[in-house]
file start-v5.txt (compact mmCIF, C-alpha atoms (C1' of nucleotides))
# COMPACT_ATOMS: atom_id res chain seq x y z
CA MET B 501 0.00 0.00 0.00
CA THR B 502 1.31 3.44 -0.82
CA SER B 503 0.69 6.52 1.20
CA GLN B 504 -1.81 7.57 -1.46
CA THR B 505 -4.14 4.73 -0.68
CA LEU B 506 -3.74 4.76 3.11
CA LYS B 507 -6.51 6.44 4.99
CA PRO B 508 -4.92 9.44 6.68
CA ILE B 509 -5.24 10.48 10.28
CA TYR B 510 -4.05 13.94 11.17
CA SER B 511 -2.87 15.37 14.40
CA ILE B 512 -2.32 18.99 15.33
CA VAL B 513 -0.16 19.50 18.38
CA GLY B 514 1.90 22.32 19.83
CA PRO B 515 2.29 24.41 22.92
CA THR B 516 -0.68 25.89 24.69
CA ALA B 517 -2.02 29.11 23.15
CA SER B 518 -0.43 28.42 19.78
CA GLY B 519 -3.75 28.33 17.94
CA LYS B 520 -4.31 24.59 17.57
CA THR B 521 -8.06 24.90 17.83
CA GLU B 522 -8.33 27.48 15.07
CA ILE B 523 -6.18 25.76 12.51
CA SER B 524 -7.58 22.31 13.17
CA LEU B 525 -11.13 23.53 12.78
CA ASP B 526 -10.27 25.07 9.43
CA LEU B 527 -8.51 21.89 8.43
CA ALA B 528 -11.62 19.90 9.27
CA LEU B 529 -13.84 22.25 7.27
CA LYS B 530 -11.49 22.16 4.32
CA LEU B 531 -11.36 18.37 4.34
CA GLY B 532 -15.13 18.34 4.56
CA ASN B 533 -15.40 14.93 6.19
CA ALA B 534 -13.25 15.24 9.28
CA GLU B 535 -14.02 14.84 12.97
CA ILE B 536 -11.91 16.20 15.78
CA ILE B 537 -10.72 14.09 18.70
CA ASN B 538 -9.44 16.03 21.67
CA CYS B 539 -5.97 15.12 22.89
CA ASP B 540 -5.67 17.40 25.87
CA SER B 541 -5.49 16.03 29.37
CA VAL B 542 -7.53 18.82 30.92
CA GLN B 543 -10.13 19.60 28.29
CA ILE B 544 -11.45 16.09 28.85
CA TYR B 545 -12.96 17.26 32.14
CA ARG B 546 -16.50 18.47 32.45
CA GLU B 547 -17.38 21.65 34.30
CA ILE B 548 -14.02 23.26 34.05
CA TRP B 549 -14.31 25.77 31.30
CA ILE B 550 -12.69 29.09 31.60
CA ALA B 551 -9.01 28.34 31.89
CA THR B 552 -9.01 25.40 29.49
CA ALA B 553 -9.81 27.49 26.43
CA LYS B 554 -12.39 24.87 25.53
CA ILE B 555 -14.13 25.34 22.22
CA THR B 556 -17.84 26.16 22.44
CA GLU B 557 -20.67 24.46 20.59
CA ALA B 558 -21.08 27.48 18.33
CA GLU B 559 -17.40 27.69 17.52
CA MET B 560 -17.38 24.08 16.34
CA ARG B 561 -19.25 25.15 13.22
CA GLY B 562 -20.77 21.73 12.78
CA VAL B 563 -17.57 19.77 13.02
CA PRO B 564 -18.06 16.82 15.38
CA HIS B 565 -15.81 16.87 18.45
CA HIS B 566 -14.98 13.87 20.60
CA LEU B 567 -13.38 13.16 23.97
CA LEU B 568 -14.04 16.71 25.00
CA ASP B 569 -15.75 17.70 28.21
CA TYR B 570 -16.79 14.14 29.05
CA VAL B 571 -15.05 13.12 32.29
CA SER B 572 -16.33 14.08 35.71
CA PRO B 573 -13.80 16.30 37.47
CA GLU B 574 -13.77 14.04 40.52
CA ILE B 575 -12.14 11.34 38.46
CA ASN B 576 -8.41 11.15 38.01
CA TYR B 577 -8.28 10.13 34.40
CA THR B 578 -5.11 8.69 32.93
CA ALA B 579 -3.31 8.55 29.62
CA ALA B 580 -4.17 4.87 29.29
CA ASP B 581 -7.87 5.64 29.76
CA TRP B 582 -7.68 8.26 27.06
CA ALA B 583 -5.76 6.05 24.66
CA ALA B 584 -8.35 3.31 24.99
CA GLU B 585 -11.20 5.74 24.29
CA ALA B 586 -9.36 7.40 21.46
CA THR B 587 -8.73 4.06 19.78
CA ILE B 588 -12.44 3.40 19.77
CA LYS B 589 -13.24 6.90 18.54
CA ILE B 590 -10.81 6.62 15.66
CA SER B 591 -12.43 3.45 14.40
CA GLU B 592 -15.90 4.97 14.81
CA VAL B 593 -14.94 8.05 12.83
CA GLU B 594 -13.35 5.98 10.12
CA SER B 595 -16.30 3.62 9.94
CA ARG B 596 -18.35 6.66 8.99
CA GLY B 597 -15.87 7.27 6.20
CA ASN B 598 -14.50 10.33 7.93
CA ILE B 599 -11.00 11.50 8.78
CA PRO B 600 -9.98 11.78 12.44
CA ILE B 601 -7.97 14.79 13.53
CA LEU B 602 -6.31 14.47 16.91
CA VAL B 603 -5.92 17.92 18.45
CA GLY B 604 -4.28 18.82 21.71
CA GLY B 605 -1.14 19.60 23.60
CA THR B 606 -0.68 16.49 25.67
CA GLY B 607 2.14 14.68 23.95
CA PHE B 608 2.06 11.90 26.47
CA TYR B 609 -1.52 11.03 25.55
CA LEU B 610 -0.68 10.89 21.87
CA ARG B 611 2.22 8.66 22.67
CA ALA B 612 0.09 6.35 24.78
CA LEU B 613 -2.14 5.99 21.75
CA ARG B 614 0.54 5.30 19.19
CA GLN B 615 2.86 3.26 21.39
CA PRO B 616 0.61 1.65 23.96
CA PHE B 617 1.82 0.95 27.47
CA PHE B 618 2.88 -2.48 28.55
CA GLU B 619 0.34 -4.46 30.49
CA SER B 620 0.09 -3.07 34.01
CA PRO B 621 -2.60 -2.61 36.61
CA LYS B 622 -4.82 0.41 37.03
CA THR B 623 -4.00 2.85 39.78
CA ASP B 624 -4.98 1.61 43.21
CA GLU B 625 -6.04 4.86 44.87
CA LYS B 626 -5.78 3.44 48.38
CA LEU B 627 -2.24 2.25 47.80
CA ARG B 628 -1.32 5.56 46.27
CA GLU B 629 -2.67 7.41 49.28
CA LYS B 630 -0.56 5.23 51.50
CA LEU B 631 2.60 5.89 49.51
CA LYS B 632 1.78 9.57 49.43
CA SER B 633 1.62 9.76 53.18
CA ILE B 634 4.95 7.96 53.41
CA LYS B 635 6.34 10.58 51.09
CA GLU B 636 4.90 13.38 53.22
CA ILE B 637 6.37 11.98 56.41
CA LYS B 638 9.68 10.52 55.29
CA GLY B 639 10.34 12.31 52.04
CA ALA B 640 10.53 11.30 48.41
CA GLU B 641 13.99 9.83 48.86
CA HIS B 642 12.62 7.27 51.26
CA LEU B 643 10.31 5.92 48.58
CA HIS B 644 13.28 5.67 46.27
CA ARG B 645 15.15 3.63 48.87
CA MET B 646 12.16 1.31 49.12
CA LEU B 647 12.21 0.87 45.38
CA ARG B 648 15.91 0.14 45.42
CA ARG B 649 15.29 -2.78 47.71
CA ILE B 650 12.63 -4.41 45.56
CA ASP B 651 13.61 -3.27 42.06
CA ASP B 652 17.14 -2.01 41.85
CA LEU B 653 17.06 -1.55 38.10
CA SER B 654 14.04 0.75 38.11
CA ALA B 655 15.46 2.72 41.00
CA ALA B 656 18.71 3.24 39.16
CA ASN B 657 16.83 4.75 36.24
CA LEU B 658 14.90 7.22 38.36
CA PHE B 659 15.97 10.28 40.27
CA PRO B 660 15.31 9.94 44.01
CA ARG B 661 13.10 13.00 44.06
CA ASP B 662 11.01 11.93 41.09
CA TYR B 663 8.39 10.51 43.38
CA VAL B 664 5.65 10.29 40.78
CA ARG B 665 7.54 7.66 38.82
CA VAL B 666 9.01 6.01 41.89
CA MET B 667 5.51 5.62 43.28
CA ARG B 668 4.21 4.08 40.10
CA ALA B 669 7.03 1.54 40.04
CA LEU B 670 6.31 0.67 43.68
CA GLU B 671 2.60 0.39 43.01
CA VAL B 672 3.07 -1.96 40.10
CA PHE B 673 5.22 -4.24 42.22
CA PHE B 674 2.89 -4.20 45.20
CA GLN B 675 -0.12 -4.85 43.02
CA THR B 676 1.33 -7.60 40.85
CA GLY B 677 4.42 -8.92 42.57
CA ILE B 678 6.30 -8.28 39.35
CA ARG B 679 9.05 -5.70 39.07
CA PHE B 680 8.35 -2.66 36.97
CA SER B 681 11.67 -3.13 35.21
CA GLU B 682 10.62 -6.62 34.14
CA LEU B 683 7.37 -5.39 32.68
CA GLN B 684 8.88 -2.41 30.94
CA PRO B 685 10.47 -4.23 27.97
CA LYS B 686 7.18 -5.97 27.20
CA ARG B 687 5.79 -3.37 24.88
CA ALA B 688 2.32 -3.81 23.56
CA THR B 689 2.03 -3.91 19.80
CA PRO B 690 1.14 -0.57 18.32
CA PRO B 691 -2.31 -0.23 16.79
CA GLU B 692 -2.73 -0.62 13.07
CA PHE B 693 -3.36 3.08 12.62
CA ALA B 694 -0.22 4.27 14.45
CA ASP B 695 1.73 4.81 11.26
CA ARG B 696 -1.14 6.51 9.51
CA ILE B 697 -1.03 9.48 11.82
CA THR B 698 0.66 12.56 10.43
CA ILE B 699 1.55 14.98 13.19
CA PHE B 700 1.79 18.71 12.62
CA ALA B 701 3.27 20.81 15.37
CA LEU B 702 2.74 24.54 15.71
CA ASN B 703 5.79 26.51 16.69
CA PRO B 704 5.23 30.25 17.09
CA PRO B 705 8.15 32.50 18.03
CA ARG B 706 8.82 31.95 21.72
CA ASN B 707 8.49 35.57 22.82
CA LEU B 708 5.19 36.03 21.00
CA LEU B 709 3.88 32.79 22.42
CA TYR B 710 4.72 33.96 25.93
CA GLN B 711 2.93 37.25 25.30
CA GLN B 712 -0.11 35.37 24.08
CA ILE B 713 -0.07 33.15 27.16
CA ASN B 714 0.07 36.19 29.43
CA ARG B 715 -2.85 37.83 27.67
CA ARG B 716 -4.87 34.67 27.84
CA ALA B 717 -4.27 34.22 31.56
CA GLU B 718 -5.44 37.79 32.18
CA LYS B 719 -8.54 37.09 30.17
CA HIS B 720 -9.37 33.92 32.06
CA PHE B 721 -9.33 35.77 35.34
CA ALA B 722 -11.36 38.61 33.85
CA ASP B 723 -13.85 36.06 32.55
CA GLY B 724 -14.56 34.75 36.02
CA LEU B 725 -12.08 31.99 36.71
CA VAL B 726 -12.28 32.68 40.43
CA GLU B 727 -16.06 32.28 40.41
CA GLU B 728 -15.82 29.04 38.48
CA VAL B 729 -13.43 27.58 41.03
CA LYS B 730 -15.58 28.81 43.92
CA LEU B 731 -18.60 27.02 42.49
CA LEU B 732 -16.72 23.78 41.92
CA ARG B 733 -15.41 23.82 45.46
CA GLU B 734 -18.82 24.62 46.89
CA ARG B 735 -20.07 21.55 45.08
CA GLY B 736 -17.48 19.57 47.01
CA LEU B 737 -14.76 19.14 44.42
CA ASN B 738 -11.47 18.47 46.13
CA ASP B 739 -8.42 20.64 45.45
CA GLU B 740 -6.38 17.47 45.06
CA THR B 741 -8.14 16.33 41.90
CA ASN B 742 -6.35 16.50 38.59
CA ALA B 743 -9.01 18.83 37.28
CA LEU B 744 -8.38 21.46 39.94
CA GLY B 745 -4.66 20.92 39.59
CA ALA B 746 -4.79 22.50 36.15
CA HIS B 747 -3.06 25.81 35.52
CA GLY B 748 -4.99 28.72 36.86
CA TYR B 749 -7.27 26.53 38.96
CA ARG B 750 -4.55 25.52 41.38
CA ARG B 751 -3.47 29.12 41.81
CA VAL B 752 -7.04 30.25 42.39
CA CYS B 753 -7.38 27.53 45.02
CA GLU B 754 -4.33 28.94 46.75
CA TYR B 755 -5.83 32.41 46.56
CA LEU B 756 -9.11 31.21 48.04
CA GLU B 757 -7.16 29.51 50.82
CA GLY B 758 -5.53 32.84 51.58
CA GLN B 759 -2.09 31.62 50.57
CA ARG B 760 -1.57 34.30 47.94
CA THR B 761 -3.09 37.50 46.64
CA LEU B 762 -5.25 37.63 43.55
CA GLN B 763 -2.52 39.46 41.69
CA SER B 764 0.03 36.85 42.63
CA ALA B 765 -2.35 34.11 41.52
CA ILE B 766 -2.59 35.74 38.12
CA GLU B 767 1.14 36.24 37.76
CA GLN B 768 1.94 32.73 38.92
CA THR B 769 -0.57 31.29 36.49
CA LYS B 770 1.13 33.08 33.63
CA GLN B 771 4.43 31.69 34.77
CA ASP B 772 3.09 28.16 35.13
CA VAL B 773 1.69 28.20 31.64
CA ARG B 774 4.84 29.66 30.10
CA ASN B 775 6.95 26.95 31.71
CA TYR B 776 4.48 24.37 30.52
CA ALA B 777 4.61 25.60 26.94
CA LYS B 778 8.36 25.18 26.94
CA ARG B 779 8.09 21.62 28.18
CA GLN B 780 5.56 20.81 25.49
CA LEU B 781 7.95 22.03 22.84
CA THR B 782 10.71 19.88 24.28
CA TRP B 783 8.43 16.88 24.12
CA PHE B 784 7.47 17.34 20.50
CA ARG B 785 11.02 18.08 19.48
CA HIS B 786 12.24 14.78 20.81
CA LYS B 787 9.42 12.35 21.34
CA GLU B 788 7.37 12.54 18.20
CA LYS B 789 8.16 12.76 14.54
CA VAL B 790 6.38 15.93 13.63
CA ILE B 791 6.12 18.32 10.74
CA TRP B 792 6.78 21.75 12.17
CA LEU B 793 4.63 24.70 11.22
CA ASP B 794 6.36 27.90 12.26
CA GLY B 795 3.82 30.39 13.49
CA PHE B 796 0.46 30.56 15.25
CA GLY B 797 -2.42 28.46 14.03
CA ASN B 798 -4.55 31.50 13.33
CA GLU B 799 -2.00 33.11 11.06
CA GLU B 800 -2.61 33.01 7.34
CA LYS B 801 0.92 31.96 6.48
CA THR B 802 0.79 29.02 8.84
CA ARG B 803 -2.43 27.79 7.33
CA ALA B 804 -1.17 28.30 3.80
CA GLU B 805 1.79 26.13 4.65
CA LEU B 806 -0.42 23.37 5.93
CA TRP B 807 -2.75 23.47 2.93
CA LYS B 808 0.25 23.31 0.68
CA ILE B 809 1.68 20.25 2.42
CA LEU B 810 -1.66 18.49 2.28
CA ASP B 811 -2.39 19.69 -1.23
CA LEU B 812 -5.72 21.18 -0.21
C1' G H 1287 18.37 69.09 57.95
C1' C H 1288 19.38 65.32 61.83
C1' A H 1289 19.33 59.97 63.19
C1' A H 1290 19.34 54.85 61.72
C1' G H 1291 19.65 51.11 58.02
C1' G H 1292 20.77 50.11 52.99
C1' G H 1293 22.86 49.91 47.67
C1' U H 1294 25.56 42.38 45.43
C1' G H 1295 25.18 39.02 38.99
C1' G H 1296 18.33 39.43 34.44
C1' U H 1297 15.63 39.58 39.33
C1' C H 1298 14.97 38.56 44.66
C1' G H 1299 18.33 37.59 48.29
C1' A H 1300 22.84 35.35 51.36
C1' G H 1301 27.76 36.50 52.30
C1' U H 1302 30.52 40.73 55.97
C1' G H 1303 39.07 40.43 55.09
C1' G H 1304 41.69 35.21 52.65
C1' U H 1305 39.81 28.32 48.37
C1' U H 1306 36.26 29.77 44.15
C1' A H 1307 32.58 34.58 39.51
C1' A H 1308 30.48 34.97 44.66
C1' U H 1309 25.16 29.98 48.93
C1' G H 1310 20.07 29.77 47.63
C1' G H 1311 15.20 30.97 45.21
C1' C H 1312 13.01 32.86 40.67
C1' A H 1313 13.41 34.02 35.55
C1' U H 1314 15.81 32.27 31.04
C1' C H 1315 17.75 28.23 28.14
C1' G H 1316 18.45 22.93 27.44
C1' G H 1317 16.85 18.01 28.75
C1' G H 1318 14.25 13.48 30.87
C1' C H 1319 9.67 11.24 31.48
C1' U H 1320 5.23 3.78 29.76
C1' G H 1321 -1.07 4.28 33.84
C1' U H 1322 -0.90 11.84 38.20
C1' A H 1323 1.62 14.37 32.14
C1' A H 1324 -1.60 21.63 32.54
C1' A H 1325 1.77 16.31 36.65
C1' C H 1326 6.76 14.98 38.28
C1' C H 1327 11.95 15.38 37.74
C1' C H 1328 17.26 16.63 35.93
C1' G H 1329 21.07 20.01 33.93
C1' A H 1330 23.32 24.82 32.36
C1' C H 1331 23.32 29.74 33.74
C1' G H 1332 28.90 37.02 34.07
C1' G H 1333 31.62 37.54 29.10
C1' A H 1334 35.25 35.70 25.50
C1' G H 1335 37.62 31.22 24.16
C1' U H 1336 38.18 25.50 23.43
C1' A H 1337 35.83 19.32 20.94
C1' A H 1338 36.69 19.54 26.15
C1' U H 1339 40.48 21.41 29.15
C1' A H 1340 43.71 25.54 29.59
C1' U H 1341 43.59 30.58 29.41
C1' C H 1342 42.06 35.59 29.36
C1' C H 1343 38.76 39.54 30.55
C1' U H 1344 34.74 42.08 33.54
C1' A H 1345 32.14 41.95 38.29
C1' C H 1346 29.30 43.12 44.54
C1' A H 1347 26.49 52.01 43.60
C1' U H 1348 30.83 55.53 42.06
C1' A H 1349 35.89 57.40 43.09
C1' G H 1350 39.93 56.96 46.10
C1' G H 1351 42.54 54.65 50.36
C1' U H 1352 44.34 50.76 54.10
C1' U H 1353 46.24 45.63 53.50
C1' C H 1354 50.41 40.44 51.19
C1' A H 1355 44.88 40.01 50.33
C1' A H 1356 38.54 43.56 50.16
C1' A H 1357 31.87 42.56 48.05
C1' U H 1358 33.56 42.56 53.12
C1' C H 1359 37.67 47.86 56.78
C1' C H 1360 38.35 53.56 56.07
C1' U H 1361 37.17 58.37 53.41
C1' A H 1362 34.38 61.18 49.97
C1' U H 1363 30.36 61.41 46.52
C1' C H 1364 25.63 59.83 44.50
C1' C H 1365 21.12 57.22 45.32
C1' C H 1366 17.24 54.49 48.32
C1' U H 1367 14.21 53.24 52.79
C1' U H 1368 12.48 54.32 57.66
C1' G H 1369 12.14 57.54 62.01
C1' C H 1370 12.48 62.60 63.99
C1' A H 1371 12.00 67.36 62.63
call {"tool": "encode", "arguments": {"input": "start-v5.txt", "output": "structure tokens"}}
result
Amino acid sequence: MTSQTLKPIYSIVGPTASGKTEISLDLALKLGNAEIINCDSVQIYREIWIATAKITEAEMRGVPHHLLDYVSPEINYTAADWAAEATIKISEVESRGNIPILVGGTGFYLRALRQPFFESPKTDEKLREKLKSIKEIKGAEHLHRMLRRIDDLSAANLFPRDYVRVMRALEVFFQTGIRFSELQPKRATPPEFADRITIFALNPPRNLLYQQINRRAEKHFADGLVEEVKLLRERGLNDETNALGAHGYRRVCEYLEGQRTLQSAIEQTKQDVRNYAKRQLTWFRHKEKVIWLDGFGNEEKTRAELWKILDL
RNA sequence: GCAAGGGUGGUCGAGUGGUUAAUGGCAUCGGGCUGUAAACCCGACGGAGUAAUAUCCUACAUAGGUUCAAAUCCUAUCCCUUGCA
């Protein structure tokens, strides 16, 4: 089969605030038979709107959107959960004769889809709580020492303070009795469609991107981010959830707890998002084979470049 | 005007005669990351130079001085903060 006859799947990635939504929507409209699948780890959550820059019904202009705004914010969703859902969505879209476009900034999710994880158990929340309290009391390094005793190889590959990964390795062992390092080489086979995905990555000039991020953070606060968080908390949503851990939300929580001023919450949010954007770029530079589009997604020249590549 | 305390690298902030471009935080840049990923973690970070060393510059408000040696002590000047007028 040549690339001409393969059914294409497109993906638009890039740092936050680079204009992924705009360009992917236009791509979908130009293709005429495309459906968008969200690939952003925070936009999946319901009820958190303002600081996620979620597209509205009206803005979708008739293009079907999937895996958007569908998970309850109490749930701590994972990359594996998303990958499983996305796999199903892709086949559904294609069975309708349509083209899937994966859009979002979470490189790790995209990777979980294209190169699935090895077989390992779901998170045991109770166990995680237990490990967390050990970390609080004895420090991250103590967890690393525990890991060294049961799985020296994994421990050697992880920094002592990287407790998120150390905890996962410990959890896998406690839940299965098998060392994480033994499981790790047992890669699952990639899905059939993995090689059919063409990834485009937006790459606006760094300084302009940072400016855009700052403006957007200001706007989110002006649009009532604080009120949104207040409502969610009044409804009993815990600050510890992934959903409230998102940029902006976490800083508003701190503000509402009296730990910082409103102004400092705004400034820190800007900073968080800028740092995040840089990490996203690092990911796409090294982890995925992407076609770079220099510029914002809402710029004419960026679009023109994409249409040219796709011969549209 | 008087009194007291200050002026340190992009920024905040330690240091208060003696390895050393100067602890640490932040920013910035680079990187890692297989079930928390908008998370978590690691590295570089005065300038020039080298593949890397070496080496050479320039630095703790400014100008002098003391000393073998000064961001650190002294003098003058400029500026800042607070208190009293």
call {"tool": "residues_around", "arguments": {"input": "start-v5.txt", "residues": "B:Glu728", "least_positions_apart": "6", "cutoff": "9 Å", "atoms": "only C-alpha atoms (C1' of nucleotides)", "output": "count of residues only"}}
result
5
call {"tool": "closest_residue", "arguments": {"input": "start-v5.txt", "among": "B:Leu602, B:Pro515, B:Glu788, B:Leu506", "to": "B:Leu527", "atoms": "all atoms listed in the file"}}
result
B:Leu602
call {"tool": "closest_residue", "arguments": {"input": "start-v5.txt", "among": "B:Arg696, B:Arg706, B:Arg614, B:His644", "to": "B:Pro508", "atoms": "all atoms listed in the file"}}
result
B:Arg696
call {"tool": "interface_residues", "arguments": {"input": "start-v5.txt", "of": "chain B", "to": "chain H", "cutoff": "7 Å", "atoms": "only C-alpha atoms (C1' of nucleotides)", "output": "list in words"}}
result
Val542, Thr578, Ala579, Ala580, Phe608, Phe617, Phe618, Lys622, Thr623, Phe659, Arg661, Asp662, Tyr663, Val664, Ala746, His747 and Tyr776 of chain B
call {"tool": "residues_near_point", "arguments": {"input": "start-v5.txt", "point": "(-17.2, 31.2, 33.1)", "cutoff": "12 Å", "atoms": "all atoms listed in the file", "output": "PyMOL selection string"}}
result
chain B and resi 547-554+556+719-732
call {"tool": "atom_distance", "arguments": {"input": "start-v5.txt", "atom1": "atom CA of B:Asn703", "atom2": "atom CA of B:Phe796"}}
result
6.8 Å
call {"tool": "residues_around", "arguments": {"input": "start-v5.txt", "residues": "stretch 789-795 of chain B", "least_positions_apart": "2", "cutoff": "6 Å", "atoms": "only C-alpha atoms (C1' of nucleotides)", "output": "mmCIF file with C-alpha atoms, in the frame of the given file"}}
result
data_model
loop_
_atom_site.group_PDB
_atom_site.id
_atom_site.type_symbol
_atom_site.label_atom_id
_atom_site.label_comp_id
_atom_site.auth_asym_id
_atom_site.auth_seq_id
_atom_site.Cartn_x
_atom_site.Cartn_y
_atom_site.Cartn_z
ATOM 1 C CA ILE B 699 1.550 14.980 13.190
ATOM 2 C CA PHE B 700 1.790 18.710 12.620
ATOM 3 C CA ALA B 701 3.270 20.810 15.370
ATOM 4 C CA LEU B 702 2.740 24.540 15.710
ATOM 5 C CA ASN B 703 5.790 26.510 16.690
ATOM 6 C CA PRO B 704 5.230 30.250 17.090
ATOM 7 C CA THR B 802 0.790 29.020 8.840
#
call {"tool": "closest_residue", "arguments": {"input": "start-v5.txt", "among": "H:A1340, H:A1330, H:G1303, H:G1335", "to": "H:C1359", "atoms": "only C-alpha atoms (C1' of nucleotides)"}}
result
H:G1303
call {"tool": "residues_around", "arguments": {"input": "start-v5.txt", "residues": "B:Glu682", "least_positions_apart": "6", "cutoff": "12 Å", "atoms": "only C-alpha atoms (C1' of nucleotides)", "output": "list in words"}}
result
Phe618, Glu619, Ser620, Ile650, Asp651, Asp652, Leu653, Ser654, Ala669, Val672, Phe673 and Thr676 of chain B
call {"tool": "residues_around", "arguments": {"input": "start-v5.txt", "residues": "B:Leu627", "least_positions_apart": "2", "cutoff": "12 Å", "atoms": "all atoms listed in the file", "output": "PDB file with C-alpha atoms, keeping the file's coordinate frame"}}
result
ATOM      1  CA  LYS B 622      -4.820   0.410  37.030  1.00  0.00           C
ATOM      2  CA  THR B 623      -4.000   2.850  39.780  1.00  0.00           C
ATOM      3  CA  ASP B 624      -4.980   1.610  43.210  1.00  0.00           C
ATOM      4  CA  GLU B 625      -6.040   4.860  44.870  1.00  0.00           C
ATOM      5  CA  GLU B 629      -2.670   7.410  49.280  1.00  0.00           C
ATOM      6  CA  LYS B 630      -0.560   5.230  51.500  1.00  0.00           C
ATOM      7  CA  LEU B 631       2.600   5.890  49.510  1.00  0.00           C
ATOM      8  CA  LYS B 632       1.780   9.570  49.430  1.00  0.00           C
ATOM      9  CA  SER B 633       1.620   9.760  53.180  1.00  0.00           C
ATOM     10  CA  ILE B 634       4.950   7.960  53.410  1.00  0.00           C
ATOM     11  CA  MET B 667       5.510   5.620  43.280  1.00  0.00           C
ATOM     12  CA  ARG B 668       4.210   4.080  40.100  1.00  0.00           C
ATOM     13  CA  LEU B 670       6.310   0.670  43.680  1.00  0.00           C
ATOM     14  CA  GLU B 671       2.600   0.390  43.010  1.00  0.00           C
ATOM     15  CA  VAL B 672       3.070  -1.960  40.100  1.00  0.00           C
ATOM     16  CA  PHE B 673       5.220  -4.240  42.220  1.00  0.00           C
ATOM     17  CA  PHE B 674       2.890  -4.200  45.200  1.00  0.00           C
ATOM     18  CA  GLN B 675      -0.120  -4.850  43.020  1.00  0.00           C
TER      19      GLN B 675
END
call {"tool": "atom_distance", "arguments": {"input": "start-v5.txt", "atom1": "atom C1' of H:G1293", "atom2": "atom C1' of H:U1352"}}
result
22.4 Å
call {"tool": "atom_distance", "arguments": {"input": "start-v5.txt", "atom1": "atom CA of B:Gly797", "atom2": "atom CA of B:Thr521"}}
result
7.7 Å
call {"tool": "residues_around", "arguments": {"input": "start-v5.txt", "residues": "B:Lys770", "least_positions_apart": "4", "cutoff": "8 Å", "atoms": "all atoms listed in the file", "output": "count of residues only"}}
result
5
call {"tool": "build_atoms", "arguments": {"input": "start-v5.txt", "residues": "stretch 712-726 of chain B", "atoms": "N, CA and C atoms", "output": "PDB file, keeping the file's coordinate frame"}}
result
ATOM      1  N   GLN B 712       1.243  35.877  24.279  1.00  0.00           N
ATOM      2  CA  GLN B 712      -0.110  35.370  24.080  1.00  0.00           C
ATOM      3  C   GLN B 712      -0.606  34.645  25.337  1.00  0.00           C
ATOM      4  N   ILE B 713       0.274  33.878  25.925  1.00  0.00           N
ATOM      5  CA  ILE B 713      -0.070  33.150  27.160  1.00  0.00           C
ATOM      6  C   ILE B 713      -0.438  34.135  28.270  1.00  0.00           C
ATOM      7  N   ASN B 714       0.349  35.186  28.402  1.00  0.00           N
ATOM      8  CA  ASN B 714       0.070  36.190  29.430  1.00  0.00           C
ATOM      9  C   ASN B 714      -1.290  36.836  29.222  1.00  0.00           C
ATOM     10  N   ARG B 715      -1.552  37.200  27.979  1.00  0.00           N
ATOM     11  CA  ARG B 715      -2.850  37.830  27.670  1.00  0.00           C
ATOM     12  C   ARG B 715      -3.990  36.892  28.004  1.00  0.00           C
ATOM     13  N   ARG B 716      -3.795  35.624  27.652  1.00  0.00           N
ATOM     14  CA  ARG B 716      -4.870  34.670  27.840  1.00  0.00           C
ATOM     15  C   ARG B 716      -5.152  34.439  29.319  1.00  0.00           C
ATOM     16  N   ALA B 717      -4.093  34.407  30.115  1.00  0.00           N
ATOM     17  CA  ALA B 717      -4.270  34.220  31.560  1.00  0.00           C
ATOM     18  C   ALA B 717      -5.070  35.394  32.139  1.00  0.00           C
ATOM     19  N   GLU B 718      -4.706  36.601  31.722  1.00  0.00           N
ATOM     20  CA  GLU B 718      -5.440  37.790  32.180  1.00  0.00           C
ATOM     21  C   GLU B 718      -6.920  37.655  31.837  1.00  0.00           C
ATOM     22  N   LYS B 719      -7.171  37.205  30.640  1.00  0.00           N
ATOM     23  CA  LYS B 719      -8.540  37.090  30.170  1.00  0.00           C
ATOM     24  C   LYS B 719      -9.321  36.055  30.992  1.00  0.00           C
ATOM     25  N   HIS B 720      -8.686  34.956  31.293  1.00  0.00           N
ATOM     26  CA  HIS B 720      -9.370  33.920  32.060  1.00  0.00           C
ATOM     27  C   HIS B 720      -9.818  34.438  33.429  1.00  0.00           C
ATOM     28  N   PHE B 721      -8.955  35.205  34.047  1.00  0.00           N
ATOM     29  CA  PHE B 721      -9.330  35.770  35.340  1.00  0.00           C
ATOM     30  C   PHE B 721     -10.442  36.793  35.165  1.00  0.00           C
ATOM     31  N   ALA B 722     -10.329  37.602  34.112  1.00  0.00           N
ATOM     32  CA  ALA B 722     -11.360  38.610  33.850  1.00  0.00           C
ATOM     33  C   ALA B 722     -12.696  37.939  33.525  1.00  0.00           C
ATOM     34  N   ASP B 723     -12.632  36.767  32.935  1.00  0.00           N
ATOM     35  CA  ASP B 723     -13.850  36.060  32.550  1.00  0.00           C
ATOM     36  C   ASP B 723     -14.513  35.301  33.694  1.00  0.00           C
ATOM     37  N   GLY B 724     -13.904  35.365  34.867  1.00  0.00           N
ATOM     38  CA  GLY B 724     -14.560  34.750  36.020  1.00  0.00           C
ATOM     39  C   GLY B 724     -13.995  33.417  36.471  1.00  0.00           C
ATOM     40  N   LEU B 725     -12.721  33.244  36.276  1.00  0.00           N
ATOM     41  CA  LEU B 725     -12.080  31.990  36.710  1.00  0.00           C
ATOM     42  C   LEU B 725     -12.278  31.756  38.207  1.00  0.00           C
ATOM     43  N   VAL B 726     -12.142  32.827  38.978  1.00  0.00           N
ATOM     44  CA  VAL B 726     -12.280  32.680  40.430  1.00  0.00           C
ATOM     45  C   VAL B 726     -13.669  32.161  40.789  1.00  0.00           C
TER      46      VAL B 726
END
